[in-house]
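Colleague: Input query01.txt, format and content: compact mmCIF, N, CA and C atoms.
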# COMPACT_ATOMS: atom_id res chain seq x y z
N MET A 1 -48.48 20.18 -202.15
CA MET A 1 -49.73 19.49 -202.46
C MET A 1 -50.75 20.52 -202.92
N ALA A 2 -51.57 20.11 -203.86
CA ALA A 2 -52.58 21.00 -204.42
C ALA A 2 -53.70 21.21 -203.40
N ASN A 3 -54.18 22.45 -203.31
CA ASN A 3 -55.23 22.79 -202.37
C ASN A 3 -56.59 22.97 -203.04
N HIS A 4 -56.60 23.50 -204.23
CA HIS A 4 -57.86 23.73 -204.93
C HIS A 4 -58.32 22.45 -205.63
N ILE A 5 -59.61 22.34 -205.81
CA ILE A 5 -60.18 21.15 -206.46
C ILE A 5 -59.65 21.01 -207.88
N SER A 6 -59.58 22.11 -208.60
CA SER A 6 -59.10 22.04 -209.98
C SER A 6 -57.62 21.65 -210.03
N ALA A 7 -56.85 22.09 -209.05
CA ALA A 7 -55.43 21.74 -209.02
C ALA A 7 -55.26 20.25 -208.67
N LYS A 8 -56.12 19.73 -207.83
CA LYS A 8 -56.06 18.30 -207.50
C LYS A 8 -56.40 17.46 -208.73
N LYS A 9 -57.44 17.91 -209.44
CA LYS A 9 -57.83 17.20 -210.65
C LYS A 9 -56.70 17.24 -211.68
N ARG A 10 -56.09 18.41 -211.82
CA ARG A 10 -54.99 18.56 -212.78
C ARG A 10 -53.83 17.63 -212.41
N ALA A 11 -53.54 17.49 -211.12
CA ALA A 11 -52.46 16.60 -210.68
C ALA A 11 -52.76 15.15 -211.04
N LYS A 12 -54.03 14.74 -210.86
CA LYS A 12 -54.42 13.38 -211.23
C LYS A 12 -54.29 13.17 -212.74
N GLN A 13 -54.73 14.15 -213.52
CA GLN A 13 -54.65 14.05 -214.96
C GLN A 13 -53.19 13.95 -215.43
N ASN A 14 -52.32 14.72 -214.77
CA ASN A 14 -50.91 14.68 -215.14
C ASN A 14 -50.31 13.30 -214.90
N ILE A 15 -50.71 12.65 -213.82
CA ILE A 15 -50.20 11.31 -213.52
C ILE A 15 -50.64 10.33 -214.59
N VAL A 16 -51.91 10.39 -214.97
CA VAL A 16 -52.44 9.47 -215.99
C VAL A 16 -51.77 9.73 -217.34
N ARG A 17 -51.63 10.99 -217.71
CA ARG A 17 -51.01 11.33 -218.99
C ARG A 17 -49.54 10.90 -219.01
N ASN A 18 -48.86 11.08 -217.88
CA ASN A 18 -47.46 10.70 -217.79
C ASN A 18 -47.30 9.20 -218.02
N LEU A 19 -48.17 8.40 -217.41
CA LEU A 19 -48.11 6.95 -217.62
C LEU A 19 -48.37 6.58 -219.08
N HIS A 20 -49.38 7.22 -219.67
CA HIS A 20 -49.72 6.93 -221.07
C HIS A 20 -48.57 7.33 -221.99
N ASN A 21 -48.02 8.51 -221.79
CA ASN A 21 -46.92 8.99 -222.63
C ASN A 21 -45.69 8.11 -222.48
N HIS A 22 -45.41 7.69 -221.25
CA HIS A 22 -44.24 6.84 -221.00
C HIS A 22 -44.38 5.51 -221.72
N SER A 23 -45.58 4.94 -221.70
CA SER A 23 -45.78 3.66 -222.37
C SER A 23 -45.67 3.83 -223.88
N TYR A 24 -46.15 4.94 -224.43
CA TYR A 24 -46.07 5.17 -225.87
C TYR A 24 -44.62 5.39 -226.29
N ILE A 25 -43.87 6.13 -225.50
CA ILE A 25 -42.45 6.36 -225.80
C ILE A 25 -41.70 5.02 -225.77
N SER A 26 -42.05 4.17 -224.82
CA SER A 26 -41.43 2.86 -224.73
C SER A 26 -41.74 2.03 -225.97
N MET A 27 -42.97 2.13 -226.46
CA MET A 27 -43.37 1.40 -227.66
C MET A 27 -42.57 1.88 -228.88
N VAL A 28 -42.33 3.18 -228.95
CA VAL A 28 -41.55 3.75 -230.05
C VAL A 28 -40.11 3.24 -229.98
N LYS A 29 -39.53 3.27 -228.79
CA LYS A 29 -38.16 2.80 -228.62
C LYS A 29 -38.03 1.33 -228.98
N THR A 30 -39.04 0.54 -228.62
CA THR A 30 -39.02 -0.88 -228.95
C THR A 30 -39.07 -1.09 -230.46
N ALA A 31 -39.87 -0.31 -231.16
CA ALA A 31 -39.97 -0.43 -232.62
C ALA A 31 -38.64 -0.07 -233.28
N VAL A 32 -37.98 0.96 -232.77
CA VAL A 32 -36.69 1.36 -233.33
C VAL A 32 -35.65 0.27 -233.05
N LYS A 33 -35.68 -0.28 -231.84
CA LYS A 33 -34.75 -1.35 -231.50
C LYS A 33 -35.00 -2.59 -232.36
N LYS A 34 -36.27 -2.88 -232.63
CA LYS A 34 -36.61 -4.03 -233.47
C LYS A 34 -36.06 -3.83 -234.88
N PHE A 35 -36.17 -2.60 -235.39
CA PHE A 35 -35.61 -2.32 -236.71
C PHE A 35 -34.11 -2.53 -236.71
N ARG A 36 -33.42 -2.00 -235.72
CA ARG A 36 -31.96 -2.15 -235.65
C ARG A 36 -31.55 -3.62 -235.55
N THR A 37 -32.30 -4.39 -234.77
CA THR A 37 -32.01 -5.82 -234.62
C THR A 37 -32.24 -6.56 -235.93
N THR A 38 -33.34 -6.25 -236.60
CA THR A 38 -33.64 -6.89 -237.87
C THR A 38 -32.59 -6.52 -238.91
N LEU A 39 -32.15 -5.27 -238.89
CA LEU A 39 -31.11 -4.83 -239.83
C LEU A 39 -29.80 -5.56 -239.55
N ALA A 40 -29.45 -5.72 -238.29
CA ALA A 40 -28.23 -6.43 -237.94
C ALA A 40 -28.33 -7.90 -238.37
N ASP A 41 -29.50 -8.50 -238.20
CA ASP A 41 -29.70 -9.88 -238.63
C ASP A 41 -29.58 -9.99 -240.15
N PHE A 42 -30.07 -8.99 -240.85
CA PHE A 42 -29.97 -8.99 -242.31
C PHE A 42 -28.51 -8.90 -242.74
N GLN A 43 -27.74 -8.06 -242.06
CA GLN A 43 -26.34 -7.90 -242.41
C GLN A 43 -25.53 -9.16 -242.09
N SER A 44 -25.92 -9.85 -241.02
CA SER A 44 -25.20 -11.08 -240.66
C SER A 44 -25.63 -12.27 -241.50
N GLY A 45 -26.76 -12.15 -242.16
CA GLY A 45 -27.23 -13.23 -243.02
C GLY A 45 -28.34 -14.06 -242.42
N SER A 46 -28.74 -13.76 -241.18
CA SER A 46 -29.82 -14.53 -240.56
C SER A 46 -31.15 -14.27 -241.26
N VAL A 47 -31.37 -13.02 -241.64
CA VAL A 47 -32.59 -12.64 -242.36
C VAL A 47 -32.20 -12.45 -243.82
N LYS A 48 -32.84 -13.18 -244.71
CA LYS A 48 -32.47 -13.13 -246.13
C LYS A 48 -33.25 -12.07 -246.89
N ASP A 49 -34.46 -11.76 -246.44
CA ASP A 49 -35.35 -10.88 -247.21
C ASP A 49 -35.24 -9.44 -246.71
N VAL A 50 -35.06 -8.53 -247.63
CA VAL A 50 -34.98 -7.10 -247.29
C VAL A 50 -36.35 -6.58 -246.87
N LYS A 51 -37.41 -7.24 -247.33
CA LYS A 51 -38.77 -6.79 -247.03
C LYS A 51 -39.03 -6.76 -245.52
N GLU A 52 -38.48 -7.72 -244.79
CA GLU A 52 -38.67 -7.74 -243.34
C GLU A 52 -38.07 -6.50 -242.70
N VAL A 53 -36.90 -6.11 -243.17
CA VAL A 53 -36.23 -4.92 -242.64
C VAL A 53 -37.03 -3.67 -243.00
N GLU A 54 -37.54 -3.63 -244.23
CA GLU A 54 -38.32 -2.48 -244.67
C GLU A 54 -39.62 -2.35 -243.88
N VAL A 55 -40.25 -3.48 -243.56
CA VAL A 55 -41.48 -3.45 -242.76
C VAL A 55 -41.18 -2.93 -241.36
N ALA A 56 -40.07 -3.37 -240.78
CA ALA A 56 -39.68 -2.89 -239.45
C ALA A 56 -39.41 -1.40 -239.48
N LEU A 57 -38.78 -0.92 -240.55
CA LEU A 57 -38.52 0.52 -240.69
C LEU A 57 -39.82 1.28 -240.83
N GLN A 58 -40.74 0.76 -241.60
CA GLN A 58 -42.02 1.43 -241.81
C GLN A 58 -42.79 1.54 -240.50
N GLN A 59 -42.78 0.49 -239.69
CA GLN A 59 -43.46 0.54 -238.39
C GLN A 59 -42.81 1.56 -237.47
N ALA A 60 -41.48 1.60 -237.47
CA ALA A 60 -40.77 2.56 -236.63
C ALA A 60 -41.07 3.99 -237.07
N GLN A 61 -41.06 4.22 -238.38
CA GLN A 61 -41.36 5.55 -238.91
C GLN A 61 -42.78 5.97 -238.55
N SER A 62 -43.71 5.05 -238.65
CA SER A 62 -45.10 5.36 -238.34
C SER A 62 -45.25 5.77 -236.88
N LEU A 63 -44.67 4.99 -235.99
CA LEU A 63 -44.78 5.31 -234.57
C LEU A 63 -44.06 6.61 -234.23
N LEU A 64 -42.92 6.85 -234.85
CA LEU A 64 -42.20 8.09 -234.61
C LEU A 64 -43.03 9.30 -235.08
N GLY A 65 -43.64 9.17 -236.25
CA GLY A 65 -44.47 10.26 -236.76
C GLY A 65 -45.66 10.54 -235.87
N LYS A 66 -46.30 9.47 -235.39
CA LYS A 66 -47.45 9.65 -234.51
C LYS A 66 -47.03 10.27 -233.19
N SER A 67 -45.86 9.90 -232.70
CA SER A 67 -45.39 10.46 -231.43
C SER A 67 -45.09 11.95 -231.58
N ALA A 68 -44.64 12.36 -232.76
CA ALA A 68 -44.41 13.79 -232.99
C ALA A 68 -45.74 14.53 -233.01
N GLY A 69 -46.75 13.91 -233.59
CA GLY A 69 -48.07 14.52 -233.62
C GLY A 69 -48.68 14.66 -232.24
N LYS A 70 -48.35 13.73 -231.36
CA LYS A 70 -48.88 13.78 -229.99
C LYS A 70 -48.06 14.73 -229.11
N GLY A 71 -46.91 15.17 -229.62
CA GLY A 71 -46.08 16.08 -228.84
C GLY A 71 -45.11 15.38 -227.91
N LEU A 72 -44.90 14.09 -228.11
CA LEU A 72 -43.99 13.35 -227.23
C LEU A 72 -42.54 13.60 -227.62
N PHE A 73 -42.29 13.77 -228.92
CA PHE A 73 -40.98 14.12 -229.41
C PHE A 73 -41.13 15.35 -230.30
N HIS A 74 -40.08 16.17 -230.37
CA HIS A 74 -40.10 17.32 -231.26
C HIS A 74 -40.04 16.82 -232.71
N ARG A 75 -40.68 17.53 -233.61
CA ARG A 75 -40.75 17.07 -234.99
C ARG A 75 -39.38 17.00 -235.65
N ASN A 76 -38.46 17.89 -235.27
CA ASN A 76 -37.12 17.82 -235.83
C ASN A 76 -36.36 16.59 -235.32
N THR A 77 -36.60 16.23 -234.07
CA THR A 77 -35.98 15.03 -233.51
C THR A 77 -36.45 13.80 -234.26
N VAL A 78 -37.75 13.74 -234.51
CA VAL A 78 -38.32 12.61 -235.24
C VAL A 78 -37.76 12.57 -236.66
N SER A 79 -37.69 13.71 -237.29
CA SER A 79 -37.16 13.78 -238.65
C SER A 79 -35.72 13.28 -238.70
N ARG A 80 -34.93 13.69 -237.73
CA ARG A 80 -33.53 13.27 -237.66
C ARG A 80 -33.42 11.76 -237.46
N LYS A 81 -34.23 11.21 -236.56
CA LYS A 81 -34.20 9.77 -236.29
C LYS A 81 -34.61 8.97 -237.52
N VAL A 82 -35.68 9.40 -238.18
CA VAL A 82 -36.16 8.70 -239.37
C VAL A 82 -35.10 8.76 -240.46
N SER A 83 -34.48 9.91 -240.62
CA SER A 83 -33.45 10.06 -241.63
C SER A 83 -32.27 9.12 -241.37
N ARG A 84 -31.85 9.03 -240.12
CA ARG A 84 -30.72 8.17 -239.79
C ARG A 84 -31.06 6.69 -239.96
N LEU A 85 -32.28 6.31 -239.60
CA LEU A 85 -32.69 4.92 -239.78
C LEU A 85 -32.76 4.55 -241.25
N THR A 86 -33.29 5.47 -242.06
CA THR A 86 -33.39 5.23 -243.50
C THR A 86 -32.00 5.13 -244.11
N LEU A 87 -31.09 5.97 -243.66
CA LEU A 87 -29.72 5.92 -244.16
C LEU A 87 -29.05 4.61 -243.79
N MET A 88 -29.32 4.11 -242.60
CA MET A 88 -28.78 2.82 -242.18
C MET A 88 -29.25 1.70 -243.12
N LEU A 89 -30.53 1.73 -243.45
CA LEU A 89 -31.09 0.72 -244.35
C LEU A 89 -30.47 0.84 -245.74
N LYS A 90 -30.33 2.05 -246.20
CA LYS A 90 -29.79 2.28 -247.53
C LYS A 90 -28.35 1.77 -247.63
N LYS A 91 -27.54 2.06 -246.59
CA LYS A 91 -26.16 1.59 -246.60
C LYS A 91 -26.09 0.06 -246.55
N ALA A 92 -26.98 -0.54 -245.78
CA ALA A 92 -26.96 -2.00 -245.65
C ALA A 92 -27.38 -2.69 -246.94
N THR A 93 -28.32 -2.10 -247.66
CA THR A 93 -28.81 -2.74 -248.88
C THR A 93 -27.88 -2.51 -250.06
N THR A 94 -27.14 -1.41 -250.08
CA THR A 94 -26.21 -1.18 -251.20
C THR A 94 -24.97 -2.06 -251.07
N VAL A 95 -24.58 -2.37 -249.85
CA VAL A 95 -23.43 -3.24 -249.64
C VAL A 95 -23.79 -4.68 -250.00
N ALA A 96 -25.02 -5.08 -249.64
CA ALA A 96 -25.44 -6.48 -249.86
C ALA A 96 -25.73 -6.75 -251.32
Write the structure described by the file as C-alpha cells, please.

Modeller:
Amino acid sequence: MANHISAKKRAKQNIVRNLHNHSYISMVKTAVKKFRTTLADFQSGSVKDVKEVEVALQQAQSLLGKSAGKGLFHRNTVSRKVSRLTLMLKKATTVA
C-alpha cells in the first residue's frame, strides 16, 4: 500500500486510467468485430451493399488509429491490424 500522499494519488489515478483504457480497448474490439460480422454478412449475401462494409472498416480504422495515438496499442500492431482488415475487404470484394 502506498504511504506517501503523492503515491496514494498516483494509485487512484492509475485505477481511473485503467478503467478508461479498458473501456476504449473494448470499444475498438467491438468495432473490429462489427466489421468482421458485416463482411461475413456481405459474403453470405445478407448485406448487398459494399458501402456498409467500407463504413464499418473506416470506423474500425479510425478507432485503431486513435488508440495508437493514446498509447493503448503499439503503432506497428495497429498498422498490422488495419492492413489485415483492408486485405480481408479487398479479397471479399474481388471475389464478389

Colleague: When distances are computed from only C-alpha atoms, which of A:Met27, A:Ile5, A:Ala40, A:Leu64 shows the smallest separation from Val82 in chain A?

Modeller: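 Under the stated criterion, the closest residue is A:Leu64.
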
Colleague: Return the single residue from A:Thr37, A:Thr86, A:Val32, A:His74 that is closest to Ala60 in chain A, with distances computed using only N, CA and C atoms.

Modeller: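 Answer, going by the shortest atom-to-atom distance: A:Val32.
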
Colleague: Could you tell me how far CA of Leu87 in chain A lies from atom C of Ser23 in chain A, in Å and to one decimal?

Modeller: 25.9 Å

Colleague: For a test of reading the model, state the distance in Å between CA of His22 in chain A and CA of Ser67 in chain A, rounded to one decimal.

Modeller: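 CA of His22 in chain A sits 11.1 Å away from CA of Ser67 in chain A.
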
Colleague: For the point (-37.1, -2.7, -238.6) in the file's frame, write as a list in words all residues with an atom no more than 7 Å away, counting all atoms listed in the file.

Modeller: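 Result, sorted by chain then residue number: Ala31, Val32, Lys33, Lys34, Phe35, Arg36, Thr37, Thr38, Leu39, Glu52, Val53, Glu54, Val55, Ala56, Leu57, Gln58, Gln59 and Ala60 of chain A.
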
Colleague: Quick one: pull the distance between CA of Met1 in chain A and CA of Asn14 in chain A, Å, one decimal.

Modeller: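 Computed distance, CA of Met1 in chain A to CA of Asn14 in chain A, equals 13.6 Å.
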
Colleague: Would you compute an axis-aligned box for range 60-75 of chain A, covering every atom listed for it in the file with 4 Å of margin on each side, and report centre and edge lengths in Å to one decimal as JSON?

Modeller:
{"center_x": -44.1, "center_y": 9.6, "center_z": -233.1, "size_x": 17.5, "size_y": 23.9, "size_z": 19.7}
